[in-house]
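Colleague: Next comes the structure file run_9.txt, holding compact mmCIF, C-alpha atoms and all ligand atoms.
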# COMPACT_ATOMS: atom_id res chain seq x y z
CA MET A 1 12.14 -7.21 25.13
CA LYS A 2 15.29 -7.25 22.97
CA GLU A 3 14.53 -6.38 19.36
CA ILE A 4 15.82 -8.98 16.90
CA LYS A 5 18.04 -7.60 14.15
CA ARG A 6 16.40 -7.99 10.75
CA PRO A 7 16.64 -6.53 7.24
CA TYR A 8 14.61 -3.47 6.24
CA VAL A 9 11.60 -4.74 4.28
CA ILE A 10 9.96 -2.81 1.43
CA LEU A 11 6.75 -4.26 0.00
CA SER A 12 6.39 -3.55 -3.71
CA ALA A 13 3.27 -4.34 -5.74
CA ALA A 14 1.07 -3.18 -8.57
CA MET A 15 -2.66 -3.48 -8.05
CA THR A 16 -5.88 -2.57 -9.81
CA ILE A 17 -8.19 0.16 -8.52
CA ASP A 18 -10.11 -2.63 -6.75
CA GLY A 19 -6.99 -3.96 -5.02
CA LYS A 20 -6.31 -7.07 -7.13
CA ILE A 21 -2.73 -8.01 -7.94
CA ALA A 22 -3.78 -10.47 -10.68
CA THR A 23 -7.04 -11.30 -12.44
CA ILE A 24 -9.20 -14.29 -11.62
CA SER A 25 -7.24 -16.39 -14.17
CA GLY A 26 -3.92 -15.19 -12.71
CA ASP A 27 -3.06 -12.57 -15.35
CA PRO A 28 -0.58 -10.25 -13.53
CA GLU A 29 0.11 -7.79 -16.40
CA LEU A 30 -0.69 -4.56 -14.57
CA SER A 31 2.46 -2.50 -14.94
CA ASP A 32 3.47 -0.47 -17.98
CA GLU A 33 7.10 -0.17 -19.02
CA LYS A 34 7.65 3.02 -17.00
CA ASP A 35 6.41 1.28 -13.88
CA TRP A 36 8.71 -1.69 -14.46
CA ARG A 37 11.61 0.74 -14.81
CA GLU A 38 10.81 2.21 -11.40
CA VAL A 39 10.50 -1.25 -9.84
CA HIS A 40 13.78 -2.35 -11.42
CA LYS A 41 15.45 0.80 -10.05
CA LEU A 42 14.22 -0.19 -6.60
CA ARG A 43 15.52 -3.74 -7.15
CA SER A 44 18.95 -2.26 -7.90
CA GLN A 45 18.99 -0.62 -4.45
CA VAL A 46 18.36 -3.66 -2.23
CA ASP A 47 20.31 -6.75 -1.18
CA ALA A 48 17.54 -9.23 -1.98
CA ILE A 49 14.18 -9.72 -3.71
CA MET A 50 11.73 -12.07 -2.04
CA VAL A 51 8.60 -13.82 -3.36
CA GLY A 52 6.37 -16.68 -2.26
CA LYS A 53 6.08 -20.05 -3.95
CA GLY A 54 2.66 -19.16 -5.42
CA THR A 55 4.21 -16.34 -7.46
CA ILE A 56 6.88 -18.68 -8.86
CA LEU A 57 4.28 -21.31 -9.79
CA LYS A 58 1.90 -18.81 -11.41
CA ASP A 59 4.24 -16.29 -13.06
CA ASN A 60 7.63 -18.03 -13.29
CA PRO A 61 9.41 -14.63 -12.96
CA LYS A 62 13.14 -14.15 -13.53
CA LEU A 63 13.37 -11.47 -10.82
CA HIS A 64 16.24 -9.85 -12.71
CA ILE A 65 16.98 -6.28 -13.84
CA LYS A 66 16.47 -5.33 -17.44
CA TYR A 67 17.05 -1.59 -17.50
CA PHE A 68 20.02 -0.74 -15.28
CA LYS A 69 23.59 -1.70 -14.54
CA HIS A 70 23.86 -3.06 -11.03
CA LYS A 71 25.78 -5.34 -8.69
CA GLY A 72 23.20 -8.13 -8.46
CA TYR A 73 21.30 -9.39 -5.42
CA TYR A 74 19.87 -12.51 -3.87
CA ARG A 75 16.58 -13.97 -5.06
CA ILE A 76 14.80 -15.47 -2.06
CA ILE A 77 11.89 -17.89 -2.51
CA ILE A 78 9.62 -18.96 0.36
CA ASP A 79 8.66 -22.58 -0.28
CA SER A 80 8.00 -24.83 2.76
CA ASN A 81 7.90 -28.09 0.77
CA LEU A 82 10.56 -27.32 -1.84
CA SER A 83 7.95 -27.76 -4.52
CA ILE A 84 8.90 -25.18 -7.16
CA PRO A 85 10.07 -26.79 -10.43
CA ILE A 86 13.81 -27.31 -10.67
CA ASP A 87 13.80 -25.53 -14.05
CA SER A 88 12.04 -22.39 -12.75
CA ASN A 89 13.45 -19.16 -14.17
CA VAL A 90 14.72 -18.08 -10.73
CA ILE A 91 16.89 -21.19 -10.66
CA ILE A 92 18.18 -21.26 -14.22
CA THR A 93 18.44 -17.55 -15.17
CA GLN A 94 21.73 -15.71 -14.45
CA PRO A 95 22.56 -17.47 -11.15
CA GLU A 96 26.01 -15.84 -11.10
CA LEU A 97 24.47 -12.36 -10.82
CA TYR A 98 21.40 -13.29 -8.76
CA PRO A 99 22.18 -16.20 -6.42
CA THR A 100 18.96 -17.96 -5.41
CA ILE A 101 18.06 -18.99 -1.87
CA ILE A 102 15.05 -21.21 -1.22
CA CYS A 103 13.69 -21.03 2.31
CA THR A 104 12.01 -24.08 3.76
CA THR A 105 11.42 -25.71 7.16
CA GLU A 106 13.33 -28.25 9.26
CA ASN A 107 10.89 -30.87 7.91
CA ALA A 108 12.10 -30.63 4.30
CA SER A 109 13.30 -33.89 2.76
CA THR A 110 17.08 -34.35 2.68
CA GLU A 111 16.87 -35.88 -0.79
CA LYS A 112 15.01 -32.88 -2.17
CA ILE A 113 17.50 -30.51 -0.56
CA LYS A 114 20.42 -32.37 -2.18
CA GLU A 115 18.70 -32.28 -5.58
CA ILE A 116 18.18 -28.52 -5.38
CA GLU A 117 21.66 -27.80 -4.01
CA LEU A 118 23.09 -29.50 -7.12
CA LYS A 119 21.64 -26.53 -9.05
CA ASN A 120 23.77 -24.17 -6.92
CA VAL A 121 20.77 -22.96 -4.98
CA ASN A 122 21.24 -22.28 -1.27
CA ILE A 123 18.68 -23.76 1.11
CA ILE A 124 17.80 -22.16 4.44
CA LYS A 125 15.67 -24.03 6.96
CA SER A 126 13.59 -21.87 9.27
CA GLY A 127 11.21 -23.29 11.86
CA ASN A 128 9.67 -26.73 12.25
CA GLY A 129 6.04 -25.85 11.61
CA LYS A 130 4.06 -26.33 8.41
CA GLN A 131 5.35 -23.09 6.92
CA VAL A 132 8.52 -21.06 6.95
CA ASP A 133 9.07 -19.10 10.18
CA LEU A 134 9.55 -15.63 8.70
CA THR A 135 10.68 -13.78 11.83
CA ASN A 136 13.43 -16.33 12.41
CA LEU A 137 14.28 -16.31 8.70
CA LEU A 138 14.81 -12.53 8.67
CA SER A 139 17.22 -12.86 11.56
CA ILE A 140 19.18 -15.56 9.63
CA LEU A 141 19.25 -13.34 6.52
CA SER A 142 20.45 -10.40 8.57
CA ASN A 143 23.32 -12.53 9.94
CA MET A 144 24.24 -13.33 6.32
CA GLY A 145 24.71 -9.60 5.70
CA ILE A 146 21.38 -8.96 3.96
CA SER A 147 20.18 -5.60 5.23
CA SER A 148 17.37 -4.75 2.79
CA ILE A 149 14.70 -6.83 1.07
CA LEU A 150 12.17 -5.95 -1.60
CA LEU A 151 9.14 -8.13 -0.94
CA GLU A 152 7.33 -8.65 -4.26
CA GLY A 153 4.36 -10.74 -3.15
CA GLY A 154 2.13 -12.48 -3.62
CA GLY A 155 -0.92 -11.80 -1.51
CA THR A 156 -0.49 -14.78 0.82
CA LEU A 157 3.12 -14.00 1.70
CA ASN A 158 2.27 -10.30 2.03
CA TRP A 159 -0.31 -11.21 4.70
CA SER A 160 2.24 -13.15 6.75
CA PHE A 161 4.58 -10.15 6.69
CA ILE A 162 1.76 -7.80 7.68
CA ASN A 163 0.51 -10.18 10.37
CA HIS A 164 3.96 -10.38 11.95
CA ASP A 165 4.47 -6.65 11.56
CA LEU A 166 7.54 -7.06 9.36
CA ILE A 167 6.92 -4.39 6.69
CA ASP A 168 8.87 -1.12 7.03
CA GLU A 169 7.91 0.59 3.79
CA MET A 170 5.64 0.10 0.78
CA ARG A 171 5.68 1.16 -2.86
CA LEU A 172 2.33 0.56 -4.49
CA THR A 173 1.25 1.25 -8.04
CA ILE A 174 -2.45 1.62 -8.70
CA ALA A 175 -3.11 0.63 -12.30
CA PRO A 176 -6.19 2.04 -14.06
CA TRP A 177 -8.34 -1.10 -14.17
CA ILE A 178 -11.11 -2.72 -12.22
CA VAL A 179 -11.22 -6.47 -12.77
CA GLY A 180 -13.38 -7.80 -9.91
CA GLY A 181 -13.63 -11.46 -8.96
CA LYS A 182 -13.83 -12.56 -5.34
CA ASP A 183 -11.19 -15.22 -6.04
CA ALA A 184 -8.76 -12.85 -7.76
CA ILE A 185 -5.69 -12.39 -5.51
CA THR A 186 -5.64 -9.11 -3.62
CA LEU A 187 -2.65 -7.16 -2.29
CA VAL A 188 -2.99 -8.90 1.08
CA GLU A 189 -4.74 -12.25 1.51
CA GLY A 190 -4.65 -14.50 4.61
CA ALA A 191 -7.02 -14.58 7.56
CA GLY A 192 -7.10 -10.82 8.13
CA PHE A 193 -7.60 -8.89 11.37
CA GLU A 194 -10.99 -8.71 13.10
CA LYS A 195 -10.78 -5.08 14.19
CA MET A 196 -9.57 -2.02 12.32
CA GLU A 197 -7.43 -1.09 15.35
CA GLN A 198 -5.49 -4.38 14.94
CA GLY A 199 -4.57 -3.45 11.36
CA ARG A 200 -1.10 -2.15 10.55
CA LYS A 201 -0.94 1.59 10.14
CA PHE A 202 1.26 3.37 7.62
CA LYS A 203 2.24 6.97 7.07
CA LEU A 204 1.84 8.33 3.53
CA LEU A 205 5.27 9.58 2.44
CA LYS A 206 4.67 10.41 -1.19
CA VAL A 207 1.99 10.21 -3.84
CA TYR A 208 2.41 11.00 -7.51
CA LYS A 209 0.76 10.26 -10.80
CA ARG A 210 2.26 9.16 -14.06
CA ASP A 211 -0.08 8.88 -17.04
CA ASN A 212 -3.05 6.96 -15.67
CA TYR A 213 -1.10 5.36 -12.85
CA VAL A 214 -0.88 6.47 -9.21
CA ILE A 215 2.20 5.61 -7.16
CA LEU A 216 2.06 5.58 -3.38
CA ARG A 217 4.95 5.41 -0.91
CA TYR A 218 4.18 4.53 2.69
CA LYS A 219 6.33 4.08 5.78
CA LYS A 220 5.50 2.14 8.92
CA LYS A 221 3.94 4.38 11.57
N1 LIG A 301 0.85 -7.38 -9.15
C1 LIG A 301 1.88 -7.64 -8.40
O1 LIG A 301 2.63 -6.75 -7.98
C2 LIG A 301 2.17 -9.07 -8.01
C3 LIG A 301 3.37 -9.36 -7.37
C4 LIG A 301 3.61 -10.70 -7.00
C5 LIG A 301 2.65 -11.67 -7.23
N2 LIG A 301 1.49 -11.33 -7.84
C6 LIG A 301 0.45 -12.37 -8.06
O2 LIG A 301 0.18 -13.02 -6.85
C7 LIG A 301 -0.25 -14.35 -7.12
C8 LIG A 301 0.48 -15.29 -6.20
O3 LIG A 301 0.12 -15.01 -4.88
P1 LIG A 301 -0.27 -16.17 -3.87
O4 LIG A 301 -0.91 -15.53 -2.72
O5 LIG A 301 -0.99 -17.24 -4.60
O6 LIG A 301 1.15 -16.83 -3.48
P2 LIG A 301 2.46 -16.25 -2.77
O7 LIG A 301 2.13 -15.26 -1.74
O8 LIG A 301 3.44 -15.87 -3.84
O9 LIG A 301 3.04 -17.58 -2.10
C9 LIG A 301 2.36 -18.13 -1.01
C10 LIG A 301 2.97 -19.47 -0.61
O10 LIG A 301 4.21 -19.26 0.07
C11 LIG A 301 4.41 -20.36 0.92
N3 LIG A 301 4.79 -19.96 2.27
C12 LIG A 301 5.73 -20.58 3.03
N4 LIG A 301 5.81 -20.04 4.23
C13 LIG A 301 4.90 -19.04 4.27
C14 LIG A 301 4.52 -18.14 5.28
N5 LIG A 301 5.10 -18.12 6.48
N6 LIG A 301 3.53 -17.27 5.01
C15 LIG A 301 2.93 -17.26 3.79
N7 LIG A 301 3.25 -18.10 2.79
C16 LIG A 301 4.24 -18.98 3.03
C17 LIG A 301 3.09 -21.12 1.02
O11 LIG A 301 3.20 -22.35 0.30
P3 LIG A 301 3.84 -23.63 1.08
O12 LIG A 301 3.03 -23.79 2.32
O13 LIG A 301 3.70 -24.76 0.12
O14 LIG A 301 5.23 -23.25 1.36
C18 LIG A 301 2.10 -20.20 0.36
O15 LIG A 301 1.05 -20.87 -0.28
C19 LIG A 301 0.05 -14.59 -8.59
O16 LIG A 301 -1.16 -14.59 -9.32
C20 LIG A 301 0.91 -13.43 -9.00
O17 LIG A 301 0.70 -13.04 -10.34
C21 LIG A 301 1.24 -10.07 -8.25
Would you mind writing the structure in this file as structure tokens?
Modeller:
Amino acid sequence: MKEIKRPYVILSAAMTIDGKIATISGDPELSDEKDWREVHKLRSQVDAIMVGKGTILKDNPKLHIKYFKHKGYYRIIIDSNLSIPIDSNVIITQPELYPTIICTTENASTEKIKEIELKNVNIIKSGNGKQVDLTNLLSILSNMGISSILLEGGGTLNWSFINHDLIDEMRLTIAPWIVGGKDAITLVEGAGFEKMEQGRKFKLLKVYKRDNYVILRYKKK
């Protein structure tokens, strides 16, 4: 079967010792400043940062770079129903340096698309199911010249990437907390695989510690 051309995808996340990427109330403050610096360095090396709609609704991130000079990149939001607020930080913050693309489906309302496009946001339609067709989307992004993506969560979107075997590399920070909570979001949510052998396997490239944090780099096996 012919392999479809797609960008190289690096999953980046910070999680607690017990694998949560936010607390039960949605508090995501896991990284210290040194960790943010490393993540921002990684952001400066890719063509696009991608997050799911849940992350925009809960954290309202800017997805910008604070610590380094750089050329900018695309911010890509996965939002099947175009439901993120029009005044979200990813829409209103520094659009000239970080153009925003919202990815939806063929079923999205034309009116909503027009409203968002007025904010200089690009809309990409991918698939006609309930949710964005990610495999097709990556092929569209590749044709636009995007060759690397930093996937920054959250847990639901991470699962879809894992499920479709679309992760090439991972950078994970383990922060020195245990917060518990069966409803606290974990690194990978979704339906999960039944058997261990169905799970995606990764090769450990690098592991290092900084203060109380452990940083892991993995590559697809
Ligand atoms: N610690 C960290 O590194 C880190 C990083 C990022 C986020 N977080 C945390 O993660 C939490 C958010 O995670 P989340 O799981 O709620 O949301 P999420 O993964 O950010 O977004 C999931 C949403 O994306 C949309 N989507 C569209 N197409 C999809 C597809 N094919 N597959 C999967 N999702 C698709 C869905 O909404 P529609 O169906 O409406 O489109 C879905 O509900 C927040 O609490 C945030 O703080 C932590």
Colleague: Would you name the residues within 7 Å of ligand LIG 301 (chain A), counting only C-alpha atoms and all ligand atoms, and put them as a ChimeraX atom specification?
Modeller: /A:12-15,21-22,26-28,30,51-56,58-59,78-81,83,130-134,152-160,185,189
Colleague: At a cut-off of 10 Å around the point (20.0, -25.4, -6.7) (file coordinates), what residues fall inside when counting all atoms listed in the file? I'd like the answer as a PyMOL selection string.
Modeller: chain A and resi 86-87+90-92+95+99-102+113-123
Colleague: I need the chosen residues saved as a JSON list (two decimals), in the frame of the given file, with C-alpha atoms.
Modeller:
[["chain", "number", "residue", "atom", "x", "y", "z"],
["A", 86, "ILE", "CA", 13.81, -27.31, -10.67],
["A", 87, "ASP", "CA", 13.80, -25.53, -14.05],
["A", 90, "VAL", "CA", 14.72, -18.08, -10.73],
["A", 91, "ILE", "CA", 16.89, -21.19, -10.66],
["A", 92, "ILE", "CA", 18.18, -21.26, -14.22],
["A", 95, "PRO", "CA", 22.56, -17.47, -11.15],
["A", 99, "PRO", "CA", 22.18, -16.20, -6.42],
["A", 100, "THR", "CA", 18.96, -17.96, -5.41],
["A", 101, "ILE", "CA", 18.06, -18.99, -1.87],
["A", 102, "ILE", "CA", 15.05, -21.21, -1.22],
["A", 113, "ILE", "CA", 17.50, -30.51, -0.56],
["A", 114, "LYS", "CA", 20.42, -32.37, -2.18],
["A", 115, "GLU", "CA", 18.70, -32.28, -5.58],
["A", 116, "ILE", "CA", 18.18, -28.52, -5.38],
["A", 117, "GLU", "CA", 21.66, -27.80, -4.01],
["A", 118, "LEU", "CA", 23.09, -29.50, -7.12],
["A", 119, "LYS", "CA", 21.64, -26.53, -9.05],
["A", 120, "ASN", "CA", 23.77, -24.17, -6.92],
["A", 121, "VAL", "CA", 20.77, -22.96, -4.98],
["A", 122, "ASN", "CA", 21.24, -22.28, -1.27],
["A", 123, "ILE", "CA", 18.68, -23.76, 1.11]]
Colleague: Residues at most 10 Å from Leu141 (chain A), counting all atoms listed in the file, excluding those fewer than 3 positions away in the same chain, as a PyMOL selection string?
Modeller: chain A and resi 5-7+48+76+124+136-138+144-149
Colleague: Just write the chosen residues, C-alpha atoms, as a compact mmCIF listing (two decimals), in the coordinates of the input.
Modeller:
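See out30.txt below for the written result:
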# COMPACT_ATOMS: atom_id res chain seq x y z
CA LYS A 5 18.04 -7.60 14.15
CA ARG A 6 16.40 -7.99 10.75
CA PRO A 7 16.64 -6.53 7.24
CA ALA A 48 17.54 -9.23 -1.98
CA ILE A 76 14.80 -15.47 -2.06
CA ILE A 124 17.80 -22.16 4.44
CA ASN A 136 13.43 -16.33 12.41
CA LEU A 137 14.28 -16.31 8.70
CA LEU A 138 14.81 -12.53 8.67
CA MET A 144 24.24 -13.33 6.32
CA GLY A 145 24.71 -9.60 5.70
CA ILE A 146 21.38 -8.96 3.96
CA SER A 147 20.18 -5.60 5.23
CA SER A 148 17.37 -4.75 2.79
CA ILE A 149 14.70 -6.83 1.07
Colleague: Considering only C-alpha atoms, can you say which of A:Ile4, A:Leu150, A:Leu82, A:Lys182 comes closest to Ile167 (chain A)?
Modeller: A:Leu150
Colleague: Do you know which residues lie at most 7 Å from (3.1, 6.3, -2.7), with coordinates as in the file and all atoms listed in the file counted, and could you write them as number ranges by chain?
Modeller: A: 171-172, 204-208, 215-218
